[in-house]
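Source file: entry_25.cif (mmCIF, C-alpha atoms)
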```cif
data_input
#
loop_
_atom_site.label_atom_id
_atom_site.label_comp_id
_atom_site.auth_asym_id
_atom_site.auth_seq_id
_atom_site.Cartn_x
_atom_site.Cartn_y
_atom_site.Cartn_z
CA MET A 1428 -12.88 3.27 0.04
CA SER A 1429 -14.06 6.48 1.70
CA SER A 1430 -16.92 6.70 4.17
CA ALA A 1431 -18.92 8.56 1.52
CA GLU A 1432 -18.68 5.59 -0.88
CA GLU A 1433 -19.42 3.14 1.94
CA PHE A 1434 -22.55 5.11 2.86
CA SER A 1435 -23.66 5.20 -0.79
CA ASP A 1436 -23.20 1.43 -1.01
CA TYR A 1437 -25.06 1.05 2.27
CA GLU A 1438 -28.04 3.02 0.97
CA ASP A 1439 -28.12 1.01 -2.28
CA SER A 1440 -27.93 -2.37 -0.51
CA MET A 1441 -30.54 -1.85 2.21
CA ASP A 1442 -33.52 -4.23 1.88
CA VAL A 1443 -35.60 -1.71 3.76
CA VAL A 1444 -34.68 1.92 3.26
CA GLU A 1445 -33.73 3.52 6.55
CA VAL A 1446 -36.06 6.38 7.45
CA PRO A 1447 -33.92 9.17 8.88
CA SER A 1448 -35.01 11.58 11.56
CA TYR A 1449 -35.29 15.22 10.52
CA GLU A 1450 -35.11 18.57 12.29
CA GLY A 1451 -35.61 21.73 10.30
CA GLU A 1452 -37.89 23.67 8.02
CA TYR A 1453 -40.74 22.35 5.82
CA ASP A 1454 -42.72 23.62 2.84
CA GLU A 1455 -46.52 23.85 2.65
CA GLU A 1456 -46.76 20.19 1.62
CA GLY A 1457 -44.76 19.02 4.63
CA LEU A 1458 -41.56 18.30 2.67
CA TYR A 1459 -38.09 19.22 3.87
CA HIS A 1460 -37.47 22.77 2.67
CA GLY A 1461 -34.90 25.33 3.79
CA LYS A 1462 -32.28 24.55 6.44
CA GLY A 1463 -32.38 21.20 8.19
CA VAL A 1464 -30.60 18.18 9.66
CA LEU A 1465 -31.12 14.56 8.57
CA THR A 1466 -29.83 11.83 10.89
CA TYR A 1467 -29.40 8.20 9.81
CA GLU A 1468 -29.30 6.39 13.15
CA ALA A 1469 -28.34 2.91 11.89
CA SER A 1470 -25.32 4.12 9.92
CA ASN A 1471 -24.51 7.01 12.30
CA VAL A 1472 -24.46 9.51 9.43
CA ARG A 1473 -25.77 13.08 9.62
CA PHE A 1474 -26.52 15.57 6.85
CA GLU A 1475 -26.70 19.28 7.59
CA GLY A 1476 -27.63 21.74 4.88
CA GLY A 1477 -30.25 23.04 2.52
CA PHE A 1478 -33.37 21.34 1.15
CA GLN A 1479 -35.83 22.12 -1.60
CA HIS A 1480 -39.22 20.37 -1.64
CA GLY A 1481 -37.91 17.21 0.02
CA GLU A 1482 -34.51 16.98 -1.69
CA LYS A 1483 -31.05 18.09 -0.66
CA HIS A 1484 -30.37 21.39 -2.40
CA GLY A 1485 -27.64 24.01 -2.14
CA TYR A 1486 -24.74 23.74 0.25
CA GLY A 1487 -24.69 20.73 2.58
CA CYS A 1488 -22.33 18.48 4.50
CA LEU A 1489 -22.45 14.75 5.33
CA TYR A 1490 -20.78 13.78 8.61
CA PHE A 1491 -19.69 10.15 9.05
CA GLU A 1492 -19.14 7.95 12.07
CA ASP A 1493 -15.35 7.85 11.71
CA GLY A 1494 -15.08 11.67 11.82
CA SER A 1495 -14.79 12.22 8.08
CA SER A 1496 -17.10 14.53 6.14
CA LEU A 1497 -18.19 15.39 2.60
CA SER A 1498 -19.38 18.87 1.72
CA GLY A 1499 -20.43 20.72 -1.42
CA GLU A 1500 -23.32 21.90 -3.54
CA TYR A 1501 -26.35 19.62 -3.91
CA LEU A 1502 -28.81 19.56 -6.80
CA GLU A 1503 -31.80 17.22 -6.97
CA ASP A 1504 -30.67 15.35 -3.85
CA GLU A 1505 -27.13 14.63 -5.16
CA LEU A 1506 -23.76 16.29 -4.84
CA ASN A 1507 -23.01 18.13 -8.09
CA GLY A 1508 -20.08 20.46 -8.71
CA PRO A 1509 -17.12 21.25 -6.42
CA GLY A 1510 -16.93 19.14 -3.28
CA LYS A 1511 -14.54 18.53 -0.40
CA TYR A 1512 -14.01 15.21 1.38
CA ILE A 1513 -12.14 15.48 4.70
CA PHE A 1514 -10.74 12.17 5.94
CA ALA A 1515 -10.69 11.19 9.60
CA ASP A 1516 -6.96 11.93 9.87
CA GLY A 1517 -7.39 15.50 8.57
CA SER A 1518 -6.17 14.88 5.02
CA TYR A 1519 -8.64 15.96 2.37
CA LEU A 1520 -9.68 15.83 -1.29
CA GLU A 1521 -11.13 18.65 -3.38
CA GLY A 1522 -12.78 17.57 -6.60
CA THR A 1523 -15.66 17.73 -9.01
CA TYR A 1524 -18.77 15.62 -8.36
CA GLU A 1525 -21.51 14.50 -10.75
CA HIS A 1526 -24.58 12.79 -9.34
CA GLY A 1527 -22.75 12.11 -6.09
CA ASP A 1528 -19.62 10.55 -7.65
CA LEU A 1529 -16.15 12.00 -8.23
CA ASN A 1530 -15.91 12.78 -11.93
CA GLY A 1531 -13.37 15.32 -13.13
CA PRO A 1532 -10.30 17.20 -11.85
CA ALA A 1533 -9.29 16.60 -8.24
CA LYS A 1534 -6.51 17.45 -5.80
CA GLU A 1535 -5.57 15.61 -2.62
CA TYR A 1536 -3.80 17.09 0.42
CA ASP A 1537 -2.26 15.71 3.60
CA GLU A 1538 -3.30 16.79 7.10
CA GLU A 1539 -0.81 19.69 6.92
CA GLY A 1540 -2.43 21.01 3.75
CA GLU A 1541 0.43 19.92 1.46
CA LEU A 1542 -0.54 18.71 -2.02
CA THR A 1543 -0.13 14.90 -2.42
CA PHE A 1544 -1.99 14.14 -5.68
CA GLU A 1545 -3.31 16.05 -8.68
CA GLY A 1546 -5.26 14.44 -11.49
CA VAL A 1547 -8.66 13.26 -12.70
CA TYR A 1548 -11.28 10.90 -11.31
CA LYS A 1549 -13.92 8.89 -13.13
CA ASP A 1550 -16.64 7.19 -11.07
CA ASN A 1551 -14.57 7.66 -7.87
CA VAL A 1552 -11.40 6.10 -9.40
CA ARG A 1553 -8.22 7.91 -10.43
CA CYS A 1554 -7.70 7.81 -14.20
CA GLY A 1555 -5.89 9.52 -17.07
CA VAL A 1556 -2.61 11.16 -16.10
CA GLY A 1557 -1.88 11.85 -12.45
CA LYS A 1558 0.91 13.37 -10.40
CA PHE A 1559 1.86 12.26 -6.89
CA TYR A 1560 3.76 14.66 -4.62
CA PHE A 1561 5.93 13.27 -1.82
CA GLU A 1562 6.65 14.95 1.49
CA ASP A 1563 10.40 14.80 0.81
CA GLY A 1564 10.09 17.08 -2.24
CA GLY A 1565 10.02 14.47 -5.01
CA SER A 1566 7.10 13.74 -7.35
CA LEU A 1567 5.91 11.04 -9.76
CA CYS A 1568 3.83 11.75 -12.86
CA GLY A 1569 2.39 9.45 -15.51
CA PRO A 1570 -0.60 7.51 -16.85
CA LEU A 1571 -2.69 5.75 -14.21
CA ASP A 1572 -3.83 2.12 -14.39
CA GLU A 1573 -7.16 0.69 -13.19
CA GLU A 1574 -5.88 0.70 -9.62
CA GLY A 1575 -4.89 4.36 -9.82
CA GLU A 1576 -1.16 3.53 -9.89
CA VAL A 1577 1.38 5.08 -12.27
CA SER A 1578 1.89 2.66 -15.17
CA GLY A 1579 3.17 3.21 -18.70
CA SER A 1580 6.14 4.14 -20.86
CA SER A 1581 6.01 7.91 -20.43
CA CYS A 1582 6.45 8.37 -16.68
CA THR A 1583 8.64 10.83 -14.81
CA TYR A 1584 10.00 10.83 -11.27
CA GLU A 1585 11.29 14.30 -10.39
CA PHE A 1586 13.89 14.85 -7.68
CA PRO A 1587 13.61 17.98 -5.49
CA ASP A 1588 16.11 19.85 -7.70
CA GLY A 1589 14.21 19.28 -10.96
CA SER A 1590 16.44 16.50 -12.28
CA CYS A 1591 14.46 13.37 -13.04
CA LEU A 1592 14.22 9.71 -13.98
CA LYS A 1593 12.13 9.22 -17.13
CA GLY A 1594 10.97 5.86 -18.42
CA THR A 1595 8.58 2.97 -17.80
CA TRP A 1596 6.67 2.30 -14.58
CA GLU A 1597 4.33 -0.57 -13.71
CA ALA A 1598 1.89 -0.50 -10.78
CA GLY A 1599 3.74 2.43 -9.25
CA GLU A 1600 7.23 0.87 -9.53
CA MET A 1601 10.05 1.93 -11.84
CA VAL A 1602 10.80 -0.73 -14.46
CA THR A 1603 13.48 1.04 -16.49
CA ALA A 1604 14.46 4.71 -16.62
CA HIS A 1605 17.24 7.12 -17.56
CA TYR A 1606 18.46 10.18 -15.66
CA TYR A 1607 17.79 13.65 -17.08
CA LEU A 1608 19.09 17.07 -16.09
CA PRO A 1609 17.31 20.40 -16.61
CA LYS A 1610 19.33 22.66 -18.93
CA ASN A 1611 18.11 25.90 -20.51
CA GLY A 1612 14.49 25.00 -19.90
CA GLU A 1613 14.84 21.48 -21.35
CA LEU A 1614 15.49 18.03 -19.92
CA ILE A 1615 18.69 16.52 -21.33
CA GLN A 1616 19.52 12.83 -20.88
CA ASP A 1617 22.62 12.59 -18.70
CA SER A 1618 23.84 9.11 -19.70
CA GLU A 1619 22.82 5.71 -21.08
CA VAL A 1620 22.82 4.16 -17.58
CA THR A 1621 19.54 2.37 -16.85
CA TYR A 1622 17.88 2.43 -13.42
CA SER A 1623 15.11 0.17 -12.11
CA HIS A 1624 13.20 -0.53 -8.90
CA ASP A 1625 15.65 -2.19 -6.51
CA LYS A 1626 14.17 -2.32 -3.02
CA SER A 1627 16.45 -4.10 -0.57
CA THR A 1628 15.49 -7.19 1.42
CA ARG A 1629 16.78 -8.82 4.58
CA SER A 1630 19.53 -10.58 2.63
CA ARG A 1631 20.12 -8.37 -0.44
CA ILE A 1632 21.22 -4.75 -0.24
CA SER A 1633 20.97 -4.15 -4.01
CA GLN A 1634 20.94 -5.95 -7.32
CA ASP A 1635 23.62 -3.51 -8.48
CA PRO A 1636 25.48 -2.35 -5.34
CA LEU A 1637 28.15 -0.43 -7.27
CA LEU A 1638 25.72 1.63 -9.36
CA PRO A 1639 25.79 5.13 -7.80
CA ASP A 1640 22.72 7.32 -7.47
CA PRO A 1641 23.04 10.19 -10.00
CA TYR A 1642 21.36 12.79 -7.77
CA GLU A 1643 23.56 11.93 -4.81
CA THR A 1644 26.75 11.72 -6.89
CA SER A 1645 26.40 15.35 -7.94
CA ARG A 1646 26.34 16.49 -4.30
CA VAL A 1647 28.61 14.41 -2.06
CA TYR A 1648 31.68 12.20 -2.05
CA VAL A 1649 33.61 10.08 0.47
CA LYS A 1650 37.10 10.68 1.85
CA PRO A 1651 38.84 10.36 5.26
CA SER A 1652 36.88 12.14 7.98
CA LEU A 1653 38.22 15.22 9.76
CA ILE A 1654 37.23 13.55 13.06
CA PRO A 1655 40.23 11.56 14.36
CA GLY A 1656 39.58 7.82 14.46
CA SER A 1657 36.28 8.03 12.58
CA GLY A 1658 37.45 6.47 9.33
CA GLU A 1659 35.76 7.85 6.24
CA GLY A 1660 33.31 10.72 6.16
CA LEU A 1661 30.84 12.37 3.79
CA PHE A 1662 31.78 15.68 2.15
CA ALA A 1663 29.96 18.24 0.03
CA LYS A 1664 31.07 18.19 -3.61
CA ARG A 1665 29.55 21.66 -4.12
CA GLY A 1666 27.67 24.24 -2.09
CA LEU A 1667 24.40 22.93 -0.62
CA ARG A 1668 21.40 25.01 0.44
CA LYS A 1669 19.70 24.76 3.82
CA GLY A 1670 17.02 22.04 3.69
CA GLU A 1671 18.55 20.32 0.64
CA VAL A 1672 18.60 16.53 0.37
CA ALA A 1673 22.30 15.76 0.14
CA SER A 1674 22.54 11.97 0.36
CA PHE A 1675 20.52 8.75 0.63
CA TYR A 1676 20.72 5.96 3.22
CA ASN A 1677 19.76 2.54 1.87
CA GLY A 1678 20.66 -0.85 3.33
CA ILE A 1679 19.35 -4.31 4.10
CA ARG A 1680 16.11 -4.39 6.10
CA ILE A 1681 16.15 -6.10 9.48
CA THR A 1682 14.06 -5.88 12.66
CA HIS A 1683 14.65 -3.91 15.85
CA GLU A 1684 14.75 -7.21 17.73
CA GLU A 1685 17.69 -8.38 15.62
CA VAL A 1686 19.58 -5.17 16.31
CA ASP A 1687 18.88 -5.26 20.06
CA ALA A 1688 20.05 -8.88 20.33
CA ARG A 1689 23.54 -8.29 18.96
CA ASP A 1690 26.67 -6.47 20.09
CA TRP A 1691 27.11 -2.75 19.38
CA SER A 1692 30.14 -3.55 17.23
CA GLN A 1693 27.68 -4.87 14.61
CA ASN A 1694 25.53 -1.75 14.66
CA ASP A 1695 27.89 0.84 13.24
CA ASN A 1696 25.67 1.50 10.22
CA THR A 1697 22.13 0.90 11.48
CA ILE A 1698 19.32 3.43 11.41
CA SER A 1699 15.67 3.04 12.34
CA LEU A 1700 13.31 3.40 9.37
CA ASP A 1701 10.06 2.88 11.29
CA SER A 1702 8.65 0.92 14.24
CA ASP A 1703 9.21 -2.38 12.41
CA THR A 1704 12.29 -1.92 10.24
CA VAL A 1705 15.94 -1.00 10.69
CA ILE A 1706 18.19 -0.18 7.72
CA ASP A 1707 21.66 -1.71 8.02
CA VAL A 1708 24.80 -1.46 5.89
CA PRO A 1709 26.83 -4.44 7.14
CA LYS A 1710 30.28 -5.61 6.09
CA PRO A 1711 31.46 -5.83 3.35
CA TYR A 1712 29.01 -3.20 2.04
CA SER A 1713 30.22 -0.58 4.50
CA ASP A 1714 33.30 -0.44 2.27
CA THR A 1715 32.91 1.66 -0.92
CA ARG A 1716 34.77 -1.02 -2.84
CA HIS A 1717 31.66 -3.17 -2.40
CA TYR A 1718 28.77 -0.67 -2.16
CA THR A 1719 28.28 2.81 -3.63
CA ALA A 1720 24.57 2.78 -4.51
CA THR A 1721 24.00 5.20 -1.59
CA LEU A 1722 26.49 6.95 0.67
CA GLY A 1723 24.43 8.17 3.63
CA HIS A 1724 25.98 5.61 5.99
CA LYS A 1725 29.29 7.44 5.63
CA CYS A 1726 27.96 10.53 7.39
CA ASN A 1727 29.56 10.69 10.85
CA HIS A 1728 28.07 11.80 14.16
CA ARG A 1729 28.78 15.15 15.72
CA PHE A 1730 26.86 16.79 18.55
CA GLU A 1731 27.14 20.10 16.64
CA ASN A 1732 25.60 18.62 13.50
CA ASN A 1733 24.94 20.44 10.22
CA CYS A 1734 22.53 17.81 8.80
CA HIS A 1735 19.80 15.49 10.02
CA TYR A 1736 18.13 12.25 8.99
CA ASP A 1737 14.81 12.44 7.18
CA HIS A 1738 12.47 10.04 5.39
CA TYR A 1739 12.62 9.72 1.62
CA PHE A 1740 10.64 7.78 -0.96
CA HIS A 1741 13.13 6.86 -3.66
CA PRO A 1742 11.98 5.39 -7.04
CA ARG A 1743 14.86 2.92 -7.00
CA PHE A 1744 15.16 2.00 -3.29
CA GLY A 1745 11.63 2.60 -1.98
CA GLU A 1746 11.16 3.96 1.55
CA ILE A 1747 14.59 4.84 2.97
CA LYS A 1748 16.27 7.61 4.94
CA CYS A 1749 18.14 10.61 3.56
CA ILE A 1750 20.61 13.21 4.84
CA ARG A 1751 19.10 16.71 4.74
CA THR A 1752 21.09 19.88 5.48
CA LEU A 1753 20.25 22.08 8.49
CA ARG A 1754 22.06 25.12 7.10
CA ASP A 1755 23.95 26.20 4.00
CA ILE A 1756 26.97 23.96 3.42
CA ASP A 1757 30.21 25.11 1.77
CA PRO A 1758 31.99 23.07 -0.92
CA GLU A 1759 34.39 20.49 0.63
CA GLU A 1760 32.71 20.84 4.06
CA GLU A 1761 32.17 17.58 5.94
CA LEU A 1762 28.58 16.63 6.67
CA TYR A 1763 27.59 15.55 10.19
CA VAL A 1764 24.39 14.18 11.70
CA HIS A 1765 23.38 13.69 15.34
CA TYR A 1766 22.85 9.96 15.94
CA ASP A 1767 20.36 10.82 18.70
CA TYR A 1768 20.45 7.54 20.61
CA ASN A 1769 17.47 7.67 22.98
CA SER A 1770 16.67 4.09 24.08
CA SER A 1771 17.42 2.88 27.61
CA ARG A 1772 18.64 -0.47 28.89
CA GLU A 1773 16.96 -2.37 31.72
CA ASP A 1774 19.39 -0.79 34.20
CA GLY A 1775 18.32 2.67 33.07
CA GLN A 1776 21.55 3.41 31.22
CA LEU A 1777 21.39 4.88 27.72
CA GLU A 1778 21.48 2.21 25.02
CA ALA A 1779 24.39 3.62 23.01
CA PRO A 1780 28.09 2.99 22.25
CA GLU A 1781 30.55 4.02 24.95
CA TRP A 1782 32.06 6.76 22.78
CA TYR A 1783 28.61 8.38 22.47
CA ARG A 1784 27.91 8.22 26.21
CA ALA A 1785 31.36 9.65 26.88
CA GLY A 1786 30.58 12.53 24.55
CA LEU A 1787 27.39 13.28 26.46
CA ARG A 1788 29.34 13.37 29.72
CA GLY A 1789 31.64 15.94 28.14
#
```
Would you kindly transcribe this structure into structure tokens?
Amino acid sequence: MSSAEEFSDYEDSMDVVEVPSYEGEYDEEGLYHGKGVLTYEASNVRFEGGFQHGEKHGYGCLYFEDGSSLSGEYLEDELNGPGKYIFADGSYLEGTYEHGDLNGPAKEYDEEGELTFEGVYKDNVRCGVGKFYFEDGGSLCGPLDEEGEVSGSSCTYEFPDGSCLKGTWEAGEMVTAHYYLPKNGELIQDSEVTYSHDKSTRSRISQDPLLPDPYETSRVYVKPSLIPGSGEGLFAKRGLRKGEVASFYNGIRITHEEVDARDWSQNDNTISLDSDTVIDVPKPYSDTRHYTATLGHKCNHRFENNCHYDHYFHPRFGEIKCIRTLRDIDPEEELYVHYDYNSSREDGQLEAPEWYRAGLRG
């Protein structure tokens, strides 16, 4: 719930209506009129804007205690028409208001100004058909349920390249979908293979570990690395553009404490997802005979890397990491990332395998 809705609820629930302080212009009858500032001391809310005969009128802005604000055009003391709600973290919503409530088309943006949602609101709740945009370049579109989550049989997750998974979603999770490719302005079903939400756990890497990801499969493959002694590596199946998502990195989900407590020989395929979770591809799943659902763990380290790790929200695997290119990649070129070990042991030494520390020493 936004501060604007909380303040509205606060006003409606007060046994005794709070009398705000006012600084500004008045009309001949002593009513607020012209430019002024209303301050609600108890709720620490301030309104700055126009008034007409005691009511908010014209452009005005409500400022809330948490640093958020709501601005727009007021008519008869209520926000009516286009309005903008800026959240405390800098993200914001632009929408249509009727009698102070969101009713109509709306767009939501993150703190960088990137679009994150486009759709319709009714009485401050998302409804109808909505489209969510993810920072990684993917998007999810479909009917919205009472909680504002994508739910229904005509939903589409679109990968950054325009290919997509179309099918049924429930409460924002993929239930069953097929992969489609854009061809001549149309989406053509690629195969009869069915995909579903398959987020890993601490003990299960995947319900179908040998089912490849169709987006990834069209871009990369595994063969012996060009780096001596490095085993297998990840190679471009075709040319890749700078900034393109080339591969995904899924695995079981364990804690940083578990990783820190064990020998480095068990951490060959671990990568930090966030402050709580580490993604791991342990044996036997590090072998492609046992796991091919994602291939990102096959990307080897090189100090002169041509790719980097990035976050990705995947409709099948949930929040994972991906391999994103740093420059254009030629067909058959091996992909490399920089492992970027940066933690220190108690003795001040870098917490990293010996081969990595040796590489730093030159």
Contacts of range 1536-1551 of chain A at 10 Å (only C-alpha atoms; same-chain gap of 3+ positions) as a PyMOL selection string: chain A and resi 1428-1429+1432+1513-1533+1554-1562+1566-1571+1575
Could I get the residues of range 1690-1764 of chain A with an atom no further than 10 Å from an atom of range 1649-1666 of chain A, each paired with its nearest atom pair and that distance in Å to one decimal, using only C-alpha atoms, sorted by chain and residue number, as JSON lines?
```
{"residue": "A:Asp1714", "atom": "CA", "partner": "A:Glu1659", "partner_atom": "CA", "distance": 9.5}
{"residue": "A:Thr1715", "atom": "CA", "partner": "A:Val1649", "partner_atom": "CA", "distance": 8.6}
{"residue": "A:Thr1719", "atom": "CA", "partner": "A:Val1649", "partner_atom": "CA", "distance": 9.9}
{"residue": "A:Leu1722", "atom": "CA", "partner": "A:Leu1661", "partner_atom": "CA", "distance": 7.6}
{"residue": "A:Gly1723", "atom": "CA", "partner": "A:Leu1661", "partner_atom": "CA", "distance": 7.7}
{"residue": "A:His1724", "atom": "CA", "partner": "A:Leu1661", "partner_atom": "CA", "distance": 8.6}
{"residue": "A:Lys1725", "atom": "CA", "partner": "A:Gly1660", "partner_atom": "CA", "distance": 5.2}
{"residue": "A:Cys1726", "atom": "CA", "partner": "A:Leu1661", "partner_atom": "CA", "distance": 5.0}
{"residue": "A:Asn1727", "atom": "CA", "partner": "A:Gly1660", "partner_atom": "CA", "distance": 6.0}
{"residue": "A:His1728", "atom": "CA", "partner": "A:Ser1657", "partner_atom": "CA", "distance": 9.2}
{"residue": "A:Arg1729", "atom": "CA", "partner": "A:Ile1654", "partner_atom": "CA", "distance": 9.0}
{"residue": "A:Asp1755", "atom": "CA", "partner": "A:Gly1666", "partner_atom": "CA", "distance": 7.4}
{"residue": "A:Ile1756", "atom": "CA", "partner": "A:Gly1666", "partner_atom": "CA", "distance": 5.6}
{"residue": "A:Asp1757", "atom": "CA", "partner": "A:Gly1666", "partner_atom": "CA", "distance": 4.7}
{"residue": "A:Pro1758", "atom": "CA", "partner": "A:Arg1665", "partner_atom": "CA", "distance": 4.3}
{"residue": "A:Glu1759", "atom": "CA", "partner": "A:Ala1663", "partner_atom": "CA", "distance": 5.0}
{"residue": "A:Glu1760", "atom": "CA", "partner": "A:Ala1663", "partner_atom": "CA", "distance": 5.5}
{"residue": "A:Glu1761", "atom": "CA", "partner": "A:Phe1662", "partner_atom": "CA", "distance": 4.3}
{"residue": "A:Leu1762", "atom": "CA", "partner": "A:Leu1661", "partner_atom": "CA", "distance": 5.6}
{"residue": "A:Tyr1763", "atom": "CA", "partner": "A:Leu1661", "partner_atom": "CA", "distance": 7.9}
```
Taking C-alpha atoms for each residue, export the selection above as a PDB file, in the coordinates of the input.
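Saved the output as out_12.pdb:
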```
ATOM      1  CA  ASP A1714      33.300  -0.440   2.270  1.00  0.00           C
ATOM      2  CA  THR A1715      32.910   1.660  -0.920  1.00  0.00           C
ATOM      3  CA  THR A1719      28.280   2.810  -3.630  1.00  0.00           C
ATOM      4  CA  LEU A1722      26.490   6.950   0.670  1.00  0.00           C
ATOM      5  CA  GLY A1723      24.430   8.170   3.630  1.00  0.00           C
ATOM      6  CA  HIS A1724      25.980   5.610   5.990  1.00  0.00           C
ATOM      7  CA  LYS A1725      29.290   7.440   5.630  1.00  0.00           C
ATOM      8  CA  CYS A1726      27.960  10.530   7.390  1.00  0.00           C
ATOM      9  CA  ASN A1727      29.560  10.690  10.850  1.00  0.00           C
ATOM     10  CA  HIS A1728      28.070  11.800  14.160  1.00  0.00           C
ATOM     11  CA  ARG A1729      28.780  15.150  15.720  1.00  0.00           C
ATOM     12  CA  ASP A1755      23.950  26.200   4.000  1.00  0.00           C
ATOM     13  CA  ILE A1756      26.970  23.960   3.420  1.00  0.00           C
ATOM     14  CA  ASP A1757      30.210  25.110   1.770  1.00  0.00           C
ATOM     15  CA  PRO A1758      31.990  23.070  -0.920  1.00  0.00           C
ATOM     16  CA  GLU A1759      34.390  20.490   0.630  1.00  0.00           C
ATOM     17  CA  GLU A1760      32.710  20.840   4.060  1.00  0.00           C
ATOM     18  CA  GLU A1761      32.170  17.580   5.940  1.00  0.00           C
ATOM     19  CA  LEU A1762      28.580  16.630   6.670  1.00  0.00           C
ATOM     20  CA  TYR A1763      27.590  15.550  10.190  1.00  0.00           C
TER      21      TYR A1763
END
```
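Applied to the file shown here, the PyMOL selection byres ((chain A and resi 1673) around 6) selects A:Glu1671, A:Val1672, A:Ser1674, A:Ile1750, A:Arg1751.
We find CA of Ile1747 in chain A and CA of Tyr1676 in chain A to be spaced 6.2 Å apart.
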Within 12 Å of Thr1466 in chain A, counting all atoms listed in the file, which residues qualify if same-chain residues fewer than 6 places away don't, as a PyMOL selection string? chain A and resi 1445-1451+1472-1476+1488-1492
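The space separating CA of Leu1502 in chain A from CA of His1484 in chain A comes to 5.0 Å.
Against this structure, the PyMOL selection byres ((chain A and resi 1743) around 10) ends up with A:Leu1592, A:Glu1600, A:Met1601, A:Val1602, A:Thr1603, A:Ala1604, A:Tyr1622, A:Ser1623, A:His1624, A:Asp1625, A:Lys1626, A:Ser1627, A:Ser1633, A:Asp1640, A:Phe1740, A:His1741, A:Pro1742, A:Phe1744, A:Gly1745, A:Glu1746.
As for CA of Tyr1501 in chain A and CA of Ala1469 in chain A, they are spaced 23.1 Å apart.
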Excluding Asn1694 in chain A and its own-chain neighbours fewer than 6 positions away, which residues fall within 9 Å of it when counting only C-alpha atoms? Please give them as a PyMOL selection string. chain A and resi 1686+1707-1709
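Put simply, the PyMOL selection byres ((chain A and resi 1477) around 9) in this file takes in Tyr1459, His1460, Gly1461, Lys1462, Gly1463, Val1464, Glu1475, Gly1476, Phe1478, Gln1479, Glu1482, Lys1483, His1484, Gly1485, Tyr1486, Gly1487 and Tyr1501 of chain A.
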Residues from last step as file, C-alpha atoms, as a compact mmCIF listing (two decimals), keeping the file's coordinate frame:
```txt
# COMPACT_ATOMS: atom_id res chain seq x y z
CA TYR A 1459 -38.09 19.22 3.87
CA HIS A 1460 -37.47 22.77 2.67
CA GLY A 1461 -34.90 25.33 3.79
CA LYS A 1462 -32.28 24.55 6.44
CA GLY A 1463 -32.38 21.20 8.19
CA VAL A 1464 -30.60 18.18 9.66
CA GLU A 1475 -26.70 19.28 7.59
CA GLY A 1476 -27.63 21.74 4.88
CA PHE A 1478 -33.37 21.34 1.15
CA GLN A 1479 -35.83 22.12 -1.60
CA GLU A 1482 -34.51 16.98 -1.69
CA LYS A 1483 -31.05 18.09 -0.66
CA HIS A 1484 -30.37 21.39 -2.40
CA GLY A 1485 -27.64 24.01 -2.14
CA TYR A 1486 -24.74 23.74 0.25
CA GLY A 1487 -24.69 20.73 2.58
CA TYR A 1501 -26.35 19.62 -3.91
```
If you take every atom of range 1640-1645 of chain A that the file lists and fit an axis-aligned box around them with 3 Å extra on each side, what centre and edge lengths come out in Å to one decimal, as JSON?
```
{"center_x": 24.1, "center_y": 11.3, "center_z": -7.4, "size_x": 11.4, "size_y": 14.0, "size_z": 11.2}
```
